[in-house]
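Student: Sharing query_32.cif below, mmCIF, C-alpha atoms; chains and numbers go by the auth columns:
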data_run
loop_
_atom_site.group_PDB
_atom_site.id
_atom_site.type_symbol
_atom_site.label_atom_id
_atom_site.label_comp_id
_atom_site.label_asym_id
_atom_site.label_seq_id
_atom_site.Cartn_x
_atom_site.Cartn_y
_atom_site.Cartn_z
_atom_site.B_iso_or_equiv
_atom_site.auth_seq_id
_atom_site.auth_asym_id
ATOM 1 C CA MET A 1 29.375 86.469 92.934 0.00 20 A
ATOM 2 C CA THR A 2 30.951 84.119 95.430 0.00 21 A
ATOM 3 C CA ASP A 3 34.683 84.434 95.837 0.00 22 A
ATOM 4 C CA MET A 4 35.967 81.045 94.721 0.00 23 A
ATOM 5 C CA THR A 5 39.546 81.708 95.779 0.00 24 A
ATOM 6 C CA PRO A 6 40.522 78.983 98.275 0.00 25 A
ATOM 7 C CA PRO A 7 41.855 80.089 101.643 0.00 26 A
ATOM 8 C CA MET A 8 45.583 80.631 101.889 0.00 27 A
ATOM 9 C CA THR A 9 47.580 77.651 103.104 0.00 28 A
ATOM 10 C CA TYR A 10 51.149 77.262 104.261 0.00 29 A
ATOM 11 C CA ALA A 11 52.089 75.305 101.132 0.00 30 A
ATOM 12 C CA ARG A 12 50.462 77.759 98.730 0.00 31 A
ATOM 13 C CA TYR A 13 51.884 80.816 100.470 0.00 32 A
ATOM 14 C CA LEU A 14 55.428 79.413 100.208 0.00 33 A
ATOM 15 C CA ALA A 15 54.852 77.802 96.795 0.00 34 A
ATOM 16 C CA LEU A 16 56.162 74.590 98.319 0.00 35 A
ATOM 17 C CA ASP A 17 55.200 72.375 95.412 0.00 36 A
ATOM 18 C CA ASP A 18 57.311 74.535 93.086 0.00 37 A
ATOM 19 C CA LEU A 19 60.136 74.931 95.591 0.00 38 A
ATOM 20 C CA LEU A 20 60.431 71.236 96.393 0.00 39 A
ATOM 21 C CA ALA A 21 60.348 70.339 92.702 0.00 40 A
ATOM 22 C CA CYS A 22 63.463 72.424 91.988 0.00 41 A
ATOM 23 C CA GLN A 23 65.968 69.704 92.885 0.00 42 A
ATOM 24 C CA HIS A 24 67.049 67.619 89.913 0.00 43 A
ATOM 25 C CA PRO A 25 69.916 65.285 90.857 0.00 44 A
ATOM 26 C CA GLN A 26 71.757 63.759 87.939 0.00 45 A
ATOM 27 C CA SER A 27 72.532 60.622 89.932 0.00 46 A
ATOM 28 C CA GLU A 28 70.779 58.455 92.534 0.00 47 A
ATOM 29 C CA LEU A 29 73.244 59.362 95.274 0.00 48 A
ATOM 30 C CA ASP A 30 72.016 60.900 98.517 0.00 49 A
ATOM 31 C CA ASP A 31 75.069 63.164 98.694 0.00 50 A
ATOM 32 C CA GLU A 32 74.218 64.859 95.424 0.00 51 A
ATOM 33 C CA MET A 33 70.836 65.911 96.812 0.00 52 A
ATOM 34 C CA LEU A 34 72.620 67.453 99.801 0.00 53 A
ATOM 35 C CA PHE A 35 75.016 69.243 97.451 0.00 54 A
ATOM 36 C CA ILE A 36 72.116 70.709 95.463 0.00 55 A
ATOM 37 C CA ILE A 37 70.091 71.787 98.494 0.00 56 A
ATOM 38 C CA ILE A 38 73.101 73.451 100.148 0.00 57 A
ATOM 39 C CA HIS A 39 73.788 75.520 97.054 0.00 58 A
ATOM 40 C CA GLN A 40 70.153 76.339 96.335 0.00 59 A
ATOM 41 C CA THR A 41 69.759 77.505 99.937 0.00 60 A
ATOM 42 C CA LYS A 42 72.797 79.745 99.555 0.00 61 A
ATOM 43 C CA GLU A 43 71.255 81.284 96.447 0.00 62 A
ATOM 44 C CA LEU A 44 68.038 82.020 98.340 0.00 63 A
ATOM 45 C CA TRP A 45 70.017 83.739 101.086 0.00 64 A
ATOM 46 C CA LEU A 46 71.988 85.686 98.476 0.00 65 A
ATOM 47 C CA LYS A 47 68.678 86.880 97.047 0.00 66 A
ATOM 48 C CA GLN A 48 67.726 88.242 100.458 0.00 67 A
ATOM 49 C CA ILE A 49 71.171 89.812 100.956 0.00 68 A
ATOM 50 C CA ILE A 50 70.834 91.664 97.653 0.00 69 A
ATOM 51 C CA ARG A 51 67.418 92.970 98.712 0.00 70 A
ATOM 52 C CA GLU A 52 68.751 94.165 102.074 0.00 71 A
ATOM 53 C CA MET A 53 71.808 95.751 100.461 0.00 72 A
ATOM 54 C CA HIS A 54 69.663 97.759 98.053 0.00 73 A
ATOM 55 C CA LEU A 55 67.553 98.958 100.983 0.00 74 A
ATOM 56 C CA ALA A 56 70.609 99.934 103.036 0.00 75 A
ATOM 57 C CA LYS A 57 72.169 101.743 100.085 0.00 76 A
ATOM 58 C CA ALA A 58 69.024 103.804 99.499 0.00 77 A
ATOM 59 C CA GLN A 59 68.900 104.726 103.184 0.00 78 A
ATOM 60 C CA VAL A 60 72.564 105.752 103.325 0.00 79 A
ATOM 61 C CA GLN A 61 72.141 107.821 100.176 0.00 80 A
ATOM 62 C CA ALA A 62 69.266 109.611 101.916 0.00 81 A
ATOM 63 C CA ASP A 63 71.391 110.147 105.071 0.00 82 A
ATOM 64 C CA ALA A 64 69.049 107.835 106.985 0.00 83 A
ATOM 65 C CA LEU A 65 72.027 106.070 108.525 0.00 84 A
ATOM 66 C CA VAL A 66 70.317 104.728 111.644 0.00 85 A
ATOM 67 C CA PRO A 67 67.558 102.895 109.691 0.00 86 A
ATOM 68 C CA ALA A 68 70.288 101.378 107.481 0.00 87 A
ATOM 69 C CA TYR A 69 71.787 99.595 110.489 0.00 88 A
ATOM 70 C CA LYS A 70 68.925 97.084 110.540 0.00 89 A
ATOM 71 C CA ALA A 71 69.396 95.895 106.963 0.00 90 A
ATOM 72 C CA LEU A 72 73.180 95.705 107.355 0.00 91 A
ATOM 73 C CA ALA A 73 72.879 93.788 110.631 0.00 92 A
ATOM 74 C CA ARG A 74 70.513 91.367 108.924 0.00 93 A
ATOM 75 C CA VAL A 75 73.005 90.812 106.109 0.00 94 A
ATOM 76 C CA SER A 76 75.822 89.964 108.532 0.00 95 A
ATOM 77 C CA ARG A 77 73.588 87.441 110.290 0.00 96 A
ATOM 78 C CA ILE A 78 72.623 85.829 107.004 0.00 97 A
ATOM 79 C CA GLN A 79 76.332 85.613 106.189 0.00 98 A
ATOM 80 C CA ALA A 80 76.868 83.751 109.470 0.00 99 A
ATOM 81 C CA VAL A 81 74.177 81.211 108.559 0.00 100 A
ATOM 82 C CA MET A 82 75.751 80.718 105.130 0.00 101 A
ATOM 83 C CA THR A 83 79.133 80.132 106.734 0.00 102 A
ATOM 84 C CA LEU A 84 77.685 77.504 109.081 0.00 103 A
ATOM 85 C CA SER A 85 76.257 75.645 106.087 0.00 104 A
ATOM 86 C CA TRP A 86 79.787 74.657 105.075 0.00 105 A
ATOM 87 C CA ASP A 87 79.831 72.437 108.176 0.00 106 A
ATOM 88 C CA ILE A 88 76.870 70.513 106.775 0.00 107 A
ATOM 89 C CA LEU A 89 78.556 70.120 103.395 0.00 108 A
ATOM 90 C CA SER A 90 81.731 68.882 105.066 0.00 109 A
ATOM 91 C CA THR A 91 79.841 65.773 106.233 0.00 110 A
ATOM 92 C CA MET A 92 80.303 64.661 102.610 0.00 111 A
ATOM 93 C CA THR A 93 83.599 62.808 102.306 0.00 112 A
ATOM 94 C CA PRO A 94 85.984 62.962 99.330 0.00 113 A
ATOM 95 C CA SER A 95 84.839 59.483 98.318 0.00 114 A
ATOM 96 C CA ASP A 96 81.194 60.580 98.430 0.00 115 A
ATOM 97 C CA TYR A 97 81.805 63.625 96.238 0.00 116 A
ATOM 98 C CA SER A 98 83.982 61.795 93.723 0.00 117 A
ATOM 99 C CA ARG A 99 81.097 59.424 92.951 0.00 118 A
ATOM 100 C CA PHE A 100 78.938 62.173 91.420 0.00 119 A
ATOM 101 C CA ARG A 101 81.325 65.035 90.692 0.00 120 A
ATOM 102 C CA HIS A 102 81.410 64.165 87.002 0.00 121 A
ATOM 103 C CA VAL A 103 77.709 65.043 86.576 0.00 122 A
ATOM 104 C CA LEU A 104 78.477 68.709 87.377 0.00 123 A
ATOM 105 C CA GLY A 105 80.322 69.094 84.089 0.00 124 A
ATOM 106 C CA PRO A 106 81.758 72.619 83.737 0.00 125 A
ATOM 107 C CA SER A 107 79.308 74.143 86.239 0.00 126 A
ATOM 108 C CA SER A 108 80.798 75.891 89.263 0.00 127 A
ATOM 109 C CA GLY A 109 79.839 78.190 92.117 0.00 128 A
ATOM 110 C CA PHE A 110 82.395 80.503 90.505 0.00 129 A
ATOM 111 C CA GLN A 111 79.590 81.279 88.032 0.00 130 A
ATOM 112 C CA SER A 112 77.044 82.445 90.636 0.00 131 A
ATOM 113 C CA ASP A 113 75.646 85.757 89.394 0.00 132 A
ATOM 114 C CA GLN A 114 74.098 86.577 92.763 0.00 133 A
ATOM 115 C CA PHE A 115 77.379 86.108 94.634 0.00 134 A
ATOM 116 C CA ARG A 116 79.113 88.435 92.169 0.00 135 A
ATOM 117 C CA THR A 117 76.268 90.934 92.510 0.00 136 A
ATOM 118 C CA VAL A 118 76.786 90.933 96.281 0.00 137 A
ATOM 119 C CA GLU A 119 80.512 91.523 95.750 0.00 138 A
ATOM 120 C CA TYR A 120 79.713 94.433 93.427 0.00 139 A
ATOM 121 C CA LEU A 121 77.301 95.950 95.955 0.00 140 A
ATOM 122 C CA LEU A 122 80.037 95.744 98.581 0.00 141 A
ATOM 123 C CA GLY A 123 82.513 97.388 96.212 0.00 142 A
ATOM 124 C CA LEU A 124 84.532 94.425 94.936 0.00 143 A
ATOM 125 C CA LYS A 125 84.123 95.273 91.255 0.00 144 A
ATOM 126 C CA ASP A 126 85.383 92.967 88.508 0.00 145 A
ATOM 127 C CA GLY A 127 83.554 93.088 85.185 0.00 146 A
ATOM 128 C CA SER A 128 85.212 89.912 83.919 0.00 147 A
ATOM 129 C CA PHE A 129 82.512 87.833 85.637 0.00 148 A
ATOM 130 C CA LEU A 130 79.771 89.211 83.365 0.00 149 A
ATOM 131 C CA LYS A 131 80.686 86.799 80.584 0.00 150 A
ATOM 132 C CA TYR A 132 79.526 83.820 82.638 0.00 151 A
ATOM 133 C CA GLN A 133 75.937 85.051 82.243 0.00 152 A
ATOM 134 C CA ASP A 134 75.898 85.470 78.448 0.00 153 A
ATOM 135 C CA ASP A 135 73.147 82.845 78.309 0.00 154 A
ATOM 136 C CA ARG A 136 71.100 84.609 81.034 0.00 155 A
ATOM 137 C CA PRO A 137 70.456 88.218 79.935 0.00 156 A
ATOM 138 C CA GLN A 138 68.348 89.146 82.949 0.00 157 A
ATOM 139 C CA ALA A 139 70.947 87.920 85.437 0.00 158 A
ATOM 140 C CA GLN A 140 73.697 89.637 83.466 0.00 159 A
ATOM 141 C CA ALA A 141 71.719 92.905 83.444 0.00 160 A
ATOM 142 C CA ALA A 142 71.328 92.759 87.247 0.00 161 A
ATOM 143 C CA MET A 143 75.055 92.181 87.608 0.00 162 A
ATOM 144 C CA ARG A 144 75.883 95.037 85.243 0.00 163 A
ATOM 145 C CA ALA A 145 73.574 97.394 87.138 0.00 164 A
ATOM 146 C CA ALA A 146 75.382 96.579 90.387 0.00 165 A
ATOM 147 C CA LEU A 147 78.746 96.938 88.666 0.00 166 A
ATOM 148 C CA GLU A 148 77.941 100.364 87.243 0.00 167 A
ATOM 149 C CA THR A 149 76.340 101.942 90.329 0.00 168 A
ATOM 150 C CA PRO A 150 78.053 103.144 93.521 0.00 169 A
ATOM 151 C CA SER A 151 78.777 100.477 96.100 0.00 170 A
ATOM 152 C CA ILE A 152 77.718 100.724 99.742 0.00 171 A
ATOM 153 C CA TRP A 153 81.253 101.954 100.470 0.00 172 A
ATOM 154 C CA ASP A 154 80.940 104.684 97.819 0.00 173 A
ATOM 155 C CA ASP A 155 77.640 105.626 99.487 0.00 174 A
ATOM 156 C CA ALA A 156 79.234 105.735 102.947 0.00 175 A
ATOM 157 C CA ILE A 157 82.125 107.890 101.703 0.00 176 A
ATOM 158 C CA ALA A 158 79.648 110.288 100.084 0.00 177 A
ATOM 159 C CA ALA A 159 77.709 110.444 103.363 0.00 178 A
ATOM 160 C CA ALA A 160 80.942 111.325 105.164 0.00 179 A
ATOM 161 C CA ALA A 161 81.518 114.146 102.687 0.00 180 A
ATOM 162 C CA ARG A 162 77.994 115.481 103.291 0.00 181 A
ATOM 163 C CA ALA A 163 78.760 115.400 107.024 0.00 182 A
ATOM 164 C CA GLY A 164 81.582 117.853 106.396 0.00 183 A
ATOM 165 C CA LEU A 165 84.544 115.502 106.312 0.00 184 A
ATOM 166 C CA PRO A 166 87.197 116.266 103.661 0.00 185 A
ATOM 167 C CA ILE A 167 86.811 113.714 100.861 0.00 186 A
ATOM 168 C CA PRO A 168 88.726 114.384 97.621 0.00 187 A
ATOM 169 C CA ALA A 169 86.656 115.084 94.505 0.00 188 A
ATOM 170 C CA GLU A 170 88.470 112.340 92.606 0.00 189 A
ATOM 171 C CA VAL A 171 87.106 109.808 95.113 0.00 190 A
ATOM 172 C CA LEU A 172 83.551 111.152 94.986 0.00 191 A
ATOM 173 C CA ASN A 173 83.589 111.294 91.184 0.00 192 A
ATOM 174 C CA ARG A 174 85.483 108.090 90.456 0.00 193 A
ATOM 175 C CA ASP A 175 84.433 105.495 87.888 0.00 194 A
ATOM 176 C CA VAL A 176 82.391 103.269 90.194 0.00 195 A
ATOM 177 C CA SER A 177 82.548 100.330 87.773 0.00 196 A
ATOM 178 C CA GLN A 178 86.259 99.975 88.543 0.00 197 A
ATOM 179 C CA PRO A 179 87.761 98.317 91.629 0.00 198 A
ATOM 180 C CA TYR A 180 87.958 100.679 94.585 0.00 199 A
ATOM 181 C CA VAL A 181 91.499 101.711 95.539 0.00 200 A
ATOM 182 C CA ALA A 182 92.197 102.707 99.140 0.00 201 A
ATOM 183 C CA ASN A 183 92.756 106.435 99.563 0.00 202 A
ATOM 184 C CA PRO A 184 94.745 108.068 102.412 0.00 203 A
ATOM 185 C CA ALA A 185 92.295 110.965 102.587 0.00 204 A
ATOM 186 C CA VAL A 186 89.365 108.572 103.089 0.00 205 A
ATOM 187 C CA GLU A 187 91.292 106.819 105.851 0.00 206 A
ATOM 188 C CA ALA A 188 92.003 110.195 107.479 0.00 207 A
ATOM 189 C CA ALA A 189 88.332 111.175 107.291 0.00 208 A
ATOM 190 C CA PHE A 190 87.146 107.987 108.951 0.00 209 A
ATOM 191 C CA LEU A 191 89.988 108.177 111.447 0.00 210 A
ATOM 192 C CA THR A 192 88.382 111.462 112.530 0.00 211 A
ATOM 193 C CA VAL A 193 85.073 109.615 112.884 0.00 212 A
ATOM 194 C CA TYR A 194 86.660 106.959 115.087 0.00 213 A
ATOM 195 C CA ARG A 195 88.512 109.524 117.203 0.00 214 A
ATOM 196 C CA GLN A 196 85.349 111.547 117.728 0.00 215 A
ATOM 197 C CA PRO A 197 82.576 108.926 117.879 0.00 216 A
ATOM 198 C CA ASP A 198 80.266 111.163 119.928 0.00 217 A
ATOM 199 C CA ARG A 199 80.371 113.842 117.250 0.00 218 A
ATOM 200 C CA TYR A 200 80.018 111.423 114.327 0.00 219 A
ATOM 201 C CA TRP A 201 78.027 108.696 116.072 0.00 220 A
ATOM 202 C CA GLU A 202 75.864 107.716 113.106 0.00 221 A
ATOM 203 C CA LEU A 203 78.838 107.446 110.734 0.00 222 A
ATOM 204 C CA TYR A 204 80.801 105.603 113.406 0.00 223 A
ATOM 205 C CA GLN A 205 78.067 102.991 113.835 0.00 224 A
ATOM 206 C CA LEU A 206 77.630 102.695 110.064 0.00 225 A
ATOM 207 C CA ALA A 207 81.342 102.024 109.691 0.00 226 A
ATOM 208 C CA GLU A 208 81.211 99.272 112.308 0.00 227 A
ATOM 209 C CA LYS A 209 78.216 97.662 110.592 0.00 228 A
ATOM 210 C CA LEU A 210 80.237 97.629 107.372 0.00 229 A
ATOM 211 C CA VAL A 211 83.196 96.050 109.141 0.00 230 A
ATOM 212 C CA ASP A 212 80.792 93.346 110.324 0.00 231 A
ATOM 213 C CA LEU A 213 80.025 92.564 106.659 0.00 232 A
ATOM 214 C CA ASP A 214 83.698 92.422 105.693 0.00 233 A
ATOM 215 C CA ASP A 215 84.466 90.287 108.733 0.00 234 A
ATOM 216 C CA ALA A 216 81.636 87.881 107.909 0.00 235 A
ATOM 217 C CA MET A 217 82.706 87.667 104.261 0.00 236 A
ATOM 218 C CA ALA A 218 86.261 86.820 105.334 0.00 237 A
ATOM 219 C CA SER A 219 84.917 84.061 107.603 0.00 238 A
ATOM 220 C CA TRP A 220 82.779 82.698 104.770 0.00 239 A
ATOM 221 C CA ARG A 221 85.748 82.650 102.380 0.00 240 A
ATOM 222 C CA HIS A 222 87.974 80.946 104.949 0.00 241 A
ATOM 223 C CA LYS A 223 85.422 78.234 105.704 0.00 242 A
ATOM 224 C CA HIS A 224 84.875 77.760 101.953 0.00 243 A
ATOM 225 C CA VAL A 225 88.601 77.145 101.444 0.00 244 A
ATOM 226 C CA VAL A 226 88.801 74.671 104.322 0.00 245 A
ATOM 227 C CA THR A 227 85.718 72.765 103.146 0.00 246 A
ATOM 228 C CA VAL A 228 86.890 72.537 99.536 0.00 247 A
ATOM 229 C CA GLU A 229 90.361 71.416 100.622 0.00 248 A
ATOM 230 C CA ARG A 230 88.770 68.801 102.873 0.00 249 A
ATOM 231 C CA VAL A 231 86.603 67.435 100.052 0.00 250 A
ATOM 232 C CA ILE A 232 88.825 67.667 96.930 0.00 251 A
ATOM 233 C CA GLY A 233 92.286 68.527 98.249 0.00 252 A
ATOM 234 C CA GLY A 234 94.423 70.294 95.655 0.00 253 A
ATOM 235 C CA LYS A 235 92.450 69.164 92.588 0.00 254 A
ATOM 236 C CA ARG A 236 91.228 71.734 90.084 0.00 255 A
ATOM 237 C CA GLY A 237 87.717 72.975 90.695 0.00 256 A
ATOM 238 C CA THR A 238 84.772 72.338 88.393 0.00 257 A
ATOM 239 C CA GLY A 239 84.386 74.902 85.648 0.00 258 A
ATOM 240 C CA GLY A 240 88.155 75.067 85.161 0.00 259 A
ATOM 241 C CA THR A 241 88.936 77.077 88.299 0.00 260 A
ATOM 242 C CA ALA A 242 92.165 76.475 90.160 0.00 261 A
ATOM 243 C CA GLY A 243 90.277 75.142 93.168 0.00 262 A
ATOM 244 C CA VAL A 244 91.787 75.738 96.602 0.00 263 A
ATOM 245 C CA SER A 245 94.626 77.921 95.299 0.00 264 A
ATOM 246 C CA TYR A 246 92.118 80.320 93.691 0.00 265 A
ATOM 247 C CA LEU A 247 89.999 80.449 96.830 0.00 266 A
ATOM 248 C CA GLN A 248 93.049 81.084 99.013 0.00 267 A
ATOM 249 C CA ALA A 249 93.924 84.086 96.834 0.00 268 A
ATOM 250 C CA THR A 250 90.539 85.656 97.700 0.00 269 A
ATOM 251 C CA LEU A 251 91.076 85.554 101.471 0.00 270 A
ATOM 252 C CA ALA A 252 92.789 88.947 101.583 0.00 271 A
ATOM 253 C CA LYS A 253 89.944 90.780 99.820 0.00 272 A
ATOM 254 C CA ARG A 254 88.502 93.667 101.822 0.00 273 A
ATOM 255 C CA ALA A 255 85.586 95.767 100.594 0.00 274 A
ATOM 256 C CA PHE A 256 86.262 98.626 103.009 0.00 275 A
ATOM 257 C CA PRO A 257 90.072 98.772 103.274 0.00 276 A
ATOM 258 C CA GLU A 258 90.369 102.077 105.142 0.00 277 A
ATOM 259 C CA LEU A 259 88.121 100.806 107.939 0.00 278 A
ATOM 260 C CA TRP A 260 90.763 98.158 108.598 0.00 279 A
ATOM 261 C CA SER A 261 93.923 100.209 108.085 0.00 280 A
ATOM 262 C CA LEU A 262 92.786 103.095 110.313 0.00 281 A
ATOM 263 C CA ARG A 263 92.805 100.796 113.332 0.00 282 A
ATOM 264 C CA THR A 264 96.585 100.817 113.324 0.00 283 A
ATOM 265 C CA GLU A 265 96.525 104.616 113.659 0.00 284 A
ATOM 266 C CA LEU A 266 94.058 104.856 116.559 0.00 285 A
#
Represent the structure of the file as C-alpha cells.
Tutor:
Amino acid sequence: MTDMTPPMTYARYLALDDLLACQHPQSELDDEMLFIIIHQTKELWLKQIIREMHLAKAQVQADALVPAYKALARVSRIQAVMTLSWDILSTMTPSDYSRFRHVLGPSSGFQSDQFRTVEYLLGLKDGSFLKYQDDRPQAQAAMRAALETPSIWDDAIAAAARAGLPIPAEVLNRDVSQPYVANPAVEAAFLTVYRQPDRYWELYQLAEKLVDLDDAMASWRHKHVVTVERVIGGKRGTGGTAGVSYLQATLAKRAFPELWSLRTEL
C-alpha cells in the first residue's frame, strides 16, 4: 500500500492552525489581542519551565547534579524572556486597558495553575490556590502533585545530606506540602559548601543555579508590580485581588532562603 500521509510541513508540525485559532478577544480592540497573546505566551513558557523543573528534580534526586545545571540554566533564561514581555505589555496605556478591562470579568492571572505549579516546584507551597481549579480537575491534580512532592530545594538539601553534610532529620522528613521554613543547620551546611567550593563543587554550582532562579523570579515579580501600577495604578485587580498592594507583598518571597542568608556569613 502507498503511504498516503502527506509530508510534514512547518504549519502541521507546530499545529499552527490550532495555535493561531486560540485567541478569542471579547472586544474589537487591538490592545485586547495583545493582552491575550502576552498571557498565552507566558503560559507556554510556564509549560516548558515545568518540564525542565521535573527533569532537573529527577537528576538531582539521582545525584546527577552536573546534568541538572542545563535544565536549571534554561529555566532562568526563560524567566528572563518572560520578564522582558512586561515591557511589551506596558506599551498599553491605562486608557487602552480601561476600554476592555470589563470583558475579563472575575478572571485573573492570580488563577494561573501553571504559575502556582512552578512556585510549588520551587518550594513556595500554599495549598489555598487549589480551589481556583475546582472546575479543572486535571490542572488541579497537577498542582496537587507538585504541592505534595518535594521541591527542588528539598531535593538539593537531600543531596547535601547524601554528600555527608549534617542535615537534621526533621528537615529531611518534613511535610513537603507545607511552606518551607529556613533552618540554621541547612544554612550551616551550605555555608560549608560555599567555604569549600573545590571540595563540594557540584553542590556549589547547583546552589548558584538555584539562586539564579530565585533572582530571576524576584525580577519578574518586580517588573510585574511596576507594569500593573503603570497600567491600573492602585485599583483592585481583576478576580478580586488587591492589585499592586498584593503584588508588592510577594516581592520578598525567596524559595531558597538559606542561599541568601549565608552570604552575610561568608
Student: Quick one: of A:Arg282, A:Arg155, A:Lys150, A:Arg120, who's nearest to A:Val250, counting only C-alpha atoms?
Tutor: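 Among the listed residues, the smallest separation from A:Val250 belongs to A:Arg120.
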Student: Up to 12 Å from (73.6, 109.0, 115.2) in the file's coordinates: name the residues, counting all atoms listed in the file, as a PDB file with C-alpha atoms, in the frame of the given file.
Tutor:
ATOM      1  CA  ASP A  82      71.391 110.147 105.071  1.00  0.00           C
ATOM      2  CA  ALA A  83      69.049 107.835 106.985  1.00  0.00           C
ATOM      3  CA  LEU A  84      72.027 106.070 108.525  1.00  0.00           C
ATOM      4  CA  VAL A  85      70.317 104.728 111.644  1.00  0.00           C
ATOM      5  CA  PRO A  86      67.558 102.895 109.691  1.00  0.00           C
ATOM      6  CA  ALA A  87      70.288 101.378 107.481  1.00  0.00           C
ATOM      7  CA  TYR A  88      71.787  99.595 110.489  1.00  0.00           C
ATOM      8  CA  ALA A 182      78.760 115.400 107.024  1.00  0.00           C
ATOM      9  CA  VAL A 212      85.073 109.615 112.884  1.00  0.00           C
ATOM     10  CA  PRO A 216      82.576 108.926 117.879  1.00  0.00           C
ATOM     11  CA  ASP A 217      80.266 111.163 119.928  1.00  0.00           C
ATOM     12  CA  ARG A 218      80.371 113.842 117.250  1.00  0.00           C
ATOM     13  CA  TYR A 219      80.018 111.423 114.327  1.00  0.00           C
ATOM     14  CA  TRP A 220      78.027 108.696 116.072  1.00  0.00           C
ATOM     15  CA  GLU A 221      75.864 107.716 113.106  1.00  0.00           C
ATOM     16  CA  LEU A 222      78.838 107.446 110.734  1.00  0.00           C
ATOM     17  CA  TYR A 223      80.801 105.603 113.406  1.00  0.00           C
ATOM     18  CA  GLN A 224      78.067 102.991 113.835  1.00  0.00           C
ATOM     19  CA  LEU A 225      77.630 102.695 110.064  1.00  0.00           C
ATOM     20  CA  ALA A 226      81.342 102.024 109.691  1.00  0.00           C
TER      21      ALA A 226
END
Student: Using all atoms listed in the file, find each residue of stretch 129-238 of chain A with at least one atom at most 10 Å away from an atom of stretch 89-96 of chain A; report its shortest atom-to-atom pair and that distance in Å (one decimal), sort the rows by chain and rising residue number, and return the result as JSON lines.
Tutor:
{"residue": "A:Leu225", "atom": "CA", "partner": "A:Leu91", "partner_atom": "CA", "distance": 8.7}
{"residue": "A:Lys228", "atom": "CA", "partner": "A:Leu91", "partner_atom": "CA", "distance": 6.3}
{"residue": "A:Leu229", "atom": "CA", "partner": "A:Leu91", "partner_atom": "CA", "distance": 7.3}
{"residue": "A:Val230", "atom": "CA", "partner": "A:Ser95", "partner_atom": "CA", "distance": 9.6}
{"residue": "A:Asp231", "atom": "CA", "partner": "A:Ser95", "partner_atom": "CA", "distance": 6.3}
{"residue": "A:Leu232", "atom": "CA", "partner": "A:Ser95", "partner_atom": "CA", "distance": 5.3}
{"residue": "A:Asp233", "atom": "CA", "partner": "A:Ser95", "partner_atom": "CA", "distance": 8.7}
{"residue": "A:Asp234", "atom": "CA", "partner": "A:Ser95", "partner_atom": "CA", "distance": 8.7}
{"residue": "A:Ala235", "atom": "CA", "partner": "A:Ser95", "partner_atom": "CA", "distance": 6.2}
{"residue": "A:Met236", "atom": "CA", "partner": "A:Ser95", "partner_atom": "CA", "distance": 8.4}
Student: Distance atom CA of A:Ile97-atom CA of A:Ala274, one decimal place?
Tutor: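 So the two atoms, atom CA of A:Ile97 and atom CA of A:Ala274, lie 17.5 Å apart.
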Student: What gap, in Å, lies between atom CA of A:Thr112 and atom CA of A:Ser126?
Tutor: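 We find that atom CA of A:Thr112 and atom CA of A:Ser126 lie 20.1 Å from each other.
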Student: May I ask which of the residues A:Asp22, A:Asp132, A:Asp115, A:Glu62 is the closest one to A:Met101, counting only C-alpha atoms?
Tutor: A:Glu62
Student: Can you work out which one of A:Ala34, A:Ile56, A:Leu141, A:Ala188 has the shortest atom-to-atom distance to A:Ala175, counting only C-alpha atoms?
Tutor: A:Leu141
Student: Provide the atom CA of A:Ser109 to atom CA of A:Val247 distance in Å, to one decimal place.
Tutor: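 Calculated distance between atom CA of A:Ser109 and atom CA of A:Val247 is 8.4 Å.
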Student: Determine the residue set returned by the PyMOL selection byres ((chain A and resi 194) around 12) for the present structure, and present it as an MDAnalysis selection string.
Tutor: chainID A and resid 142 144 166:170 173 188:193 195:200
Student: Applying 8 Å and all atoms listed in the file, which residues near A:Arg240 remain after dropping the ones on its own chain fewer than 6 positions away? List them as JSON, numbers by chain.
Tutor: {"A": [266, 269, 270]}
Student: Ranking A:Val122, A:Leu143, A:Ile57, A:Ile171 by minimum distance to A:Thr102 and counting all atoms listed in the file, which one comes first?
Tutor: A:Ile57
Student: So what does the PyMOL selection byres ((chain A and resi 42) around 12) actually pick up in this one, as a ChimeraX atom specification?
Tutor: /A:36-41,43-46,51-60
Student: Counting all atoms listed in the file, which of A:Gln152, A:Gln78, A:Asn202, A:Thr110 gets nearest to A:Pro276?
Tutor: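 Of A:Gln152, A:Gln78, A:Asn202, A:Thr110, the one nearest A:Pro276 is A:Asn202, counting all atoms listed in the file.
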Student: Please provide the set of residues having any atom within 7 Å of A:Lys242, restricted to only C-alpha atoms, with same-chain residues fewer than 3 positions apart removed, written as a list in words.
Tutor: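 My list of contacting residues is Thr102, Trp105, Ser238, Trp239, Val245 and Thr246 of chain A.
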Student: Of the candidates A:Lys61, A:Arg163, A:Arg249, A:Arg273, which one gets nearest to A:Ser104 if we count all atoms listed in the file?
Tutor: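 For A:Ser104, the nearest of the candidates is A:Lys61.
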Student: Have stretch 108-114 of chain A completed to N, CA and C atoms, please, and pass it along as a compact mmCIF listing (two decimals), keeping the file's coordinate frame.
Tutor:
# COMPACT_ATOMS: atom_id res chain seq x y z
N LEU A 108 77.98 70.69 104.61
CA LEU A 108 78.56 70.12 103.40
C LEU A 108 79.78 69.27 103.70
N SER A 109 80.51 69.63 104.75
CA SER A 109 81.73 68.88 105.07
C SER A 109 81.45 67.48 105.62
N THR A 110 80.16 67.16 105.87
CA THR A 110 79.84 65.77 106.23
C THR A 110 79.96 64.85 105.02
N MET A 111 80.11 65.44 103.84
CA MET A 111 80.30 64.66 102.61
C MET A 111 81.80 64.41 102.44
N THR A 112 82.19 63.16 102.39
CA THR A 112 83.60 62.81 102.31
C THR A 112 84.11 62.93 100.87
N PRO A 113 85.42 62.94 100.69
CA PRO A 113 85.98 62.96 99.33
C PRO A 113 85.48 61.81 98.48
N SER A 114 85.34 60.64 99.08
CA SER A 114 84.84 59.48 98.32
C SER A 114 83.40 59.71 97.88
